[in-house]
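K.L.:
A single structure is presented below for examination.
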Amino acid sequence: MALVLPSGSLTGMHRRDALRCALASGALAALPACQGPGESEARSARDIARLDSTRLAGIVRPTTTAGIAAALRAWQGTVCIAGARFSMGGQTREPDALQFDLADMDRLLRLDPVARTVRVQAGMRWRRLQALLDPHDLSVKVMQSYSNFSVGGSVSVNCHGRYIGESAIANTVRAVRLVTADGGVLELSRDREPHLFGAVLGGYGGLGVITEVELDLARNTRIARAVAAVRLDDYPDWFQENVLGKNDVVMHNADLVPPDFGAPLAITWARTDRPLTDGRRLVPEGLDYGLEQNLIWSATELPGGGALRERYMTRRLLSEPRVIMRNCEASLDVASIEPRTRRISTYLLQEYFVPMGAFRSFAARLRAILRAADADVLNVSIRHAVEDTTSLMRWADQDMFCFVLYHKQRTWQDARAAGWTRALIDAALDHGGRYYLPYRLHATRRQFARAYPRADRFVAIKREVDPDNRFRNLLWDRYLASL
């Protein structure tokens, strides 16, 4: 375990305490950056949005569950947890906290190809896991659309993807290993402390450090893409007939594009025996996505950007046949939709969940809000998720349509974005829906309480396992303090 404790800000933990922590976890040799109080500036942490930063006490980079437990016993202050850092509102940060960076916890612990289960350390990224699964013709059952995220981070936010017939990742998690505030180690599952298990899934690091995750897997199959333009009002019925009722469909989403957001482009991936048009098993790592990044920039910054999008993106989807392996589509790199720089503009996500019957009404209100605000939205991706029956802080208490907004804003316009974001949150809540928590903390406390009525139960569980409120981040500071 490597310790990086810089620290002018090691409140309550001087060099001697840091050395004790290192000795306990077998990492004394990795302490060149460990300094006494007043000897250096505090370390700052940021996330993918790069809109703000937080002053930390230090960073610890563990490699084992035992190392995390030892560090928690040695450090008696506040703790926050980071994985791949793709959250956008401080979910991995807390002022003057010791941050546990789990990037080095990426070992495969157990793989059972027959039972189709896998157990990994929580810091492993999906792309690395896919490389381990692919030789066995196995795939991740539920994950985000891109493979850069960490497994533990995805479980902590209770992610979902484009997988038809599936819900949030919580429904595919068999077990997790959790280190609690006192350094205790717990094995959690639906049979072992199920209430704590459900609270940890989608618990955003508020209850302890997830160190291991055991998951159900799926088969890696050949899939073919079909694309159709559908009228917005027709989409719910079209989806029921052409997607939800088809046993061979694996993935689906529908894209709404500016300025009207009124004509979904429905993209469906279904199992097939047709010949592959792309023989790659996985998308190679480290590709140059300059062309894709320039196209997104041109479509959002230049006059006639909409025509560029239509010519080089929409027409290509409609005309280009594509048959690939499931793992190839699941191993997309987020770099393909990243800006070249975030100094002037940043790209952000938001997400709203509404019951299936509320689709038309909510979609109309969403369009009106985005157009009135002149929000610079690149696209709105419509997904579907079935009811989540596992997690406590669930965003899908019934089958839901999911509206994922990918938008661009100048780095100095966060307050402006907050206004139309709150309007969208109200729209989702008024339709019996919810909003998603991994993004900017624009929601009011009242909106949070409406969206997550089980938060008081989460707080009660937190008081039991973390009575001193050691596991903190900016998300929980904002919304749980009043509870």
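By convention in this document, the chains of the structure tokens carry letters A, B, ... by their order, each chain's residues are numbered from 1, and ligands are numbered from 1 in the order they are shown.
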Near A:Asp374, within 10 Å and counting only C-alpha atoms, which residues show up once chain neighbours fewer than 4 positions away are dropped, as a PyMOL selection string?

P.N.:
chain A and resi 259+368-370+420

K.L.:
Can those selected residues be exported to a file as a PDB file, in the first residue's frame so that it contains N, CA and C atoms?

P.N.:
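Result file out_12.pdb:
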```pdb
ATOM      1  N   PRO A 259     -31.801  21.317 -32.232  1.00  0.00           N
ATOM      2  CA  PRO A 259     -32.387  22.233 -31.246  1.00  0.00           C
ATOM      3  C   PRO A 259     -33.799  21.854 -30.794  1.00  0.00           C
ATOM      4  N   ALA A 368     -39.318  21.864 -23.480  1.00  0.00           N
ATOM      5  CA  ALA A 368     -39.651  23.272 -23.248  1.00  0.00           C
ATOM      6  C   ALA A 368     -38.621  23.934 -22.346  1.00  0.00           C
ATOM      7  N   ILE A 369     -38.186  23.247 -21.310  1.00  0.00           N
ATOM      8  CA  ILE A 369     -37.206  23.821 -20.381  1.00  0.00           C
ATOM      9  C   ILE A 369     -35.867  24.030 -21.071  1.00  0.00           C
ATOM     10  N   LEU A 370     -35.398  23.050 -21.823  1.00  0.00           N
ATOM     11  CA  LEU A 370     -34.098  23.170 -22.488  1.00  0.00           C
ATOM     12  C   LEU A 370     -34.107  24.276 -23.532  1.00  0.00           C
ATOM     13  N   TRP A 420     -31.750  25.964 -14.703  1.00  0.00           N
ATOM     14  CA  TRP A 420     -32.550  25.074 -15.543  1.00  0.00           C
ATOM     15  C   TRP A 420     -32.454  23.622 -15.077  1.00  0.00           C
TER      16      TRP A 420
END
```

K.L.:
Going by DSSP on the backbone, which bits of stretch 379-425 of chain A are alpha helix (DSSP H)? Write them as a ChimeraX atom specification, please.

P.N.:
/A:414-425

K.L.:
Compile the contact shell of stretch 198-207 of chain A as a list of chain:residue names: residues with an atom at most 6 Å away, counting only C-alpha atoms, same-chain residues fewer than 3 positions apart removed.

P.N.:
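Within the cut-off, the hits are A:Val155, A:Ser156, A:Val157, A:Asn158, A:His195, A:Thr390, A:Ser391, A:Leu392, A:Lys462, A:Phe471.
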
K.L.:
Those residues with N, CA, C and O atoms, as a compact mmCIF listing (two decimals), in the first residue's frame please?

P.N.:
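Final file, again.txt:
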```txt
# COMPACT_ATOMS: atom_id res chain seq x y z
N VAL A 155 -20.60 0.57 -8.49
CA VAL A 155 -21.48 0.02 -7.46
C VAL A 155 -21.88 1.11 -6.47
O VAL A 155 -23.04 1.17 -6.03
N SER A 156 -20.97 1.98 -6.14
CA SER A 156 -21.25 3.04 -5.16
C SER A 156 -22.29 4.03 -5.66
O SER A 156 -23.03 4.62 -4.86
N VAL A 157 -22.35 4.24 -6.98
CA VAL A 157 -23.37 5.14 -7.53
C VAL A 157 -24.57 4.37 -8.07
O VAL A 157 -25.52 4.98 -8.54
N ASN A 158 -24.51 3.04 -7.99
CA ASN A 158 -25.59 2.18 -8.49
C ASN A 158 -25.90 2.52 -9.95
O ASN A 158 -27.02 2.92 -10.30
N HIS A 195 -29.82 -5.48 4.90
CA HIS A 195 -30.15 -4.05 4.98
C HIS A 195 -28.92 -3.19 4.74
O HIS A 195 -28.99 -2.18 4.02
N THR A 390 -33.14 -4.04 -4.97
CA THR A 390 -32.03 -4.33 -4.07
C THR A 390 -31.58 -3.13 -3.26
O THR A 390 -31.46 -3.21 -2.03
N SER A 391 -31.30 -2.02 -3.90
CA SER A 391 -30.65 -0.90 -3.21
C SER A 391 -31.66 -0.10 -2.37
O SER A 391 -32.85 -0.05 -2.68
N LEU A 392 -31.17 0.52 -1.31
CA LEU A 392 -32.00 1.35 -0.45
C LEU A 392 -32.28 2.70 -1.10
O LEU A 392 -33.44 3.11 -1.22
N LYS A 462 -26.34 4.63 8.80
CA LYS A 462 -25.03 5.29 8.92
C LYS A 462 -24.67 5.53 10.39
O LYS A 462 -23.52 5.36 10.80
N PHE A 471 -17.01 8.86 7.31
CA PHE A 471 -17.08 8.76 5.86
C PHE A 471 -17.93 9.90 5.32
O PHE A 471 -19.15 9.92 5.47
```

K.L.:
Counting only C-alpha atoms, figure out which residue out of A:Leu109, A:Ala415, A:Leu276, A:Val386 gets nearest to A:Phe401.

P.N.:
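For A:Phe401, the nearest of the candidates is A:Val386.
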
K.L.:
Which distance in Å separates atom CA of A:Pro355 and atom CA of A:Arg434, to one decimal?

P.N.:
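Result for atom CA of A:Pro355 versus atom CA of A:Arg434: 9.4 Å, one decimal.
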
K.L.:
Per residue of stretch 35-77 of chain A within 12 Å of stretch 410-413 of chain A, note the shortest atom pair and the distance in Å to one decimal, counting only C-alpha atoms, and order the rows by chain and increasing residue number, as JSON lines.

P.N.:
```
{"residue": "A:Ala49", "atom": "CA", "partner": "A:Thr411", "partner_atom": "CA", "distance": 9.1}
{"residue": "A:Arg50", "atom": "CA", "partner": "A:Thr411", "partner_atom": "CA", "distance": 8.4}
{"residue": "A:Leu51", "atom": "CA", "partner": "A:Thr411", "partner_atom": "CA", "distance": 6.4}
{"residue": "A:Asp52", "atom": "CA", "partner": "A:Thr411", "partner_atom": "CA", "distance": 9.6}
```

K.L.:
Just want the 10 Å neighbourhood of A:Tyr439, counted on only C-alpha atoms, with same-chain residues fewer than 3 positions away dropped. Output as a ChimeraX atom specification.

P.N.:
/A:49,86-91,348-351,435-436,442-443,475

K.L.:
Could you write those residues out with N, CA and C atoms, as a PDB file, in the first residue's frame?

P.N.:
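Heads up, here's the output in out15.pdb:
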```
ATOM      1  N   ALA A  49     -15.151  17.038 -13.922  1.00  0.00           N
ATOM      2  CA  ALA A  49     -15.727  18.311 -14.362  1.00  0.00           C
ATOM      3  C   ALA A  49     -14.727  19.450 -14.301  1.00  0.00           C
ATOM      4  N   PHE A  86     -14.934  10.003 -11.960  1.00  0.00           N
ATOM      5  CA  PHE A  86     -15.819  10.502 -13.006  1.00  0.00           C
ATOM      6  C   PHE A  86     -17.069  11.174 -12.444  1.00  0.00           C
ATOM      7  N   SER A  87     -17.199  11.245 -11.140  1.00  0.00           N
ATOM      8  CA  SER A  87     -18.301  12.020 -10.558  1.00  0.00           C
ATOM      9  C   SER A  87     -18.040  13.494 -10.817  1.00  0.00           C
ATOM     10  N   MET A  88     -19.044  14.328 -10.607  1.00  0.00           N
ATOM     11  CA  MET A  88     -18.934  15.717 -11.065  1.00  0.00           C
ATOM     12  C   MET A  88     -19.289  16.750 -10.004  1.00  0.00           C
ATOM     13  N   GLY A  89     -19.535  16.322  -8.761  1.00  0.00           N
ATOM     14  CA  GLY A  89     -19.965  17.288  -7.762  1.00  0.00           C
ATOM     15  C   GLY A  89     -19.369  17.080  -6.385  1.00  0.00           C
ATOM     16  N   GLY A  90     -18.183  16.502  -6.304  1.00  0.00           N
ATOM     17  CA  GLY A  90     -17.544  16.335  -5.011  1.00  0.00           C
ATOM     18  C   GLY A  90     -17.904  15.064  -4.281  1.00  0.00           C
ATOM     19  N   GLN A  91     -18.428  14.081  -4.985  1.00  0.00           N
ATOM     20  CA  GLN A  91     -18.804  12.820  -4.348  1.00  0.00           C
ATOM     21  C   GLN A  91     -17.586  12.036  -3.850  1.00  0.00           C
ATOM     22  N   LEU A 348     -20.736  17.979 -19.188  1.00  0.00           N
ATOM     23  CA  LEU A 348     -21.343  17.457 -17.970  1.00  0.00           C
ATOM     24  C   LEU A 348     -22.522  16.553 -18.294  1.00  0.00           C
ATOM     25  N   LEU A 349     -22.856  15.697 -17.337  1.00  0.00           N
ATOM     26  CA  LEU A 349     -24.015  14.814 -17.455  1.00  0.00           C
ATOM     27  C   LEU A 349     -25.065  15.170 -16.416  1.00  0.00           C
ATOM     28  N   GLN A 350     -26.295  14.909 -16.767  1.00  0.00           N
ATOM     29  CA  GLN A 350     -27.421  14.905 -15.831  1.00  0.00           C
ATOM     30  C   GLN A 350     -28.288  13.714 -16.211  1.00  0.00           C
ATOM     31  N   GLU A 351     -29.155  13.284 -15.270  1.00  0.00           N
ATOM     32  CA  GLU A 351     -30.030  12.172 -15.617  1.00  0.00           C
ATOM     33  C   GLU A 351     -31.309  12.225 -14.802  1.00  0.00           C
ATOM     34  N   TYR A 435     -34.161  12.149  -9.876  1.00  0.00           N
ATOM     35  CA  TYR A 435     -32.953  12.564 -10.578  1.00  0.00           C
ATOM     36  C   TYR A 435     -31.792  11.757 -10.014  1.00  0.00           C
ATOM     37  N   TYR A 436     -30.662  11.771 -10.725  1.00  0.00           N
ATOM     38  CA  TYR A 436     -29.510  10.931 -10.385  1.00  0.00           C
ATOM     39  C   TYR A 436     -28.468  11.753  -9.634  1.00  0.00           C
ATOM     40  N   HIS A 442     -26.739  20.609  -7.780  1.00  0.00           N
ATOM     41  CA  HIS A 442     -27.646  21.737  -7.997  1.00  0.00           C
ATOM     42  C   HIS A 442     -28.988  21.564  -7.299  1.00  0.00           C
ATOM     43  N   ALA A 443     -29.394  20.339  -7.019  1.00  0.00           N
ATOM     44  CA  ALA A 443     -30.705  20.112  -6.404  1.00  0.00           C
ATOM     45  C   ALA A 443     -30.782  20.759  -5.030  1.00  0.00           C
ATOM     46  N   LEU A 475     -21.355  15.549  -1.376  1.00  0.00           N
ATOM     47  CA  LEU A 475     -22.748  15.159  -1.608  1.00  0.00           C
ATOM     48  C   LEU A 475     -23.482  14.967  -0.289  1.00  0.00           C
TER      49      LEU A 475
END
```

K.L.:
What's the 12 Å shell around A:Asp191, counting only C-alpha atoms, without same-chain residues fewer than 5 positions away, as a PyMOL selection string?

P.N.:
chain A and resi 174-176+196-198+390

K.L.:
Give me the residues within 8 Å of stretch 454-459 of chain A as a ChimeraX atom specification, counting only C-alpha atoms and dropping any in the same chain fewer than 4 places off.

P.N.:
/A:199,392-393,449,463,480,483

K.L.:
Where in stretch 163-342 of chain A does DSSP assign strand (DSSP E), given as a ChimeraX atom specification?

P.N.:
/A:173-179,185-189,209-219,222-229,249-256,265-271,323-325

K.L.:
My list of candidates is A:Leu429, A:Ala103, A:Ile337, A:Ile223. Which is closest to A:Tyr352 when distances are computed with only C-alpha atoms?

P.N.:
A:Leu429

K.L.:
Can you tell me, as a list in words, what residues are no more than 8 Å from stretch 241-249 of chain A when counting only C-alpha atoms, ignoring any on the same chain fewer than 2 positions away?

P.N.:
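Counting only the stated atoms, we get Ile164, Gly165, Asp237, Trp238, Phe239, Met251, His252, Thr268, Trp269, Ala270 and Arg271 of chain A.
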
K.L.:
Looking at A:Leu308, A:Leu318, A:Val120, A:Leu72, which one is nearest to A:Gly184, with distances taken over only C-alpha atoms?

P.N.:
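Using only C-alpha atoms, A:Gly184 sits closest to A:Leu72.
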
K.L.:
Identify which of the residues A:Thr172, A:Gly432, A:Arg116, A:Ala375 lies closest to A:Ala418, counting only C-alpha atoms when measuring atom-to-atom distances.

P.N.:
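When distances to A:Ala418 are compared using only C-alpha atoms, the smallest one comes from A:Ala375.
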
K.L.:
Counting only C-alpha atoms, which residue out of A:Gln293, A:Pro275, A:Thr444, A:Pro438 sits closest to A:Thr341?

P.N.:
A:Gln293

K.L.:
Between A:Arg43, A:His431, A:Lys408, A:Arg225, which is the closest to A:Ser319 once you count only C-alpha atoms?

P.N.:
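Under the stated criterion, the closest residue is A:Arg225.
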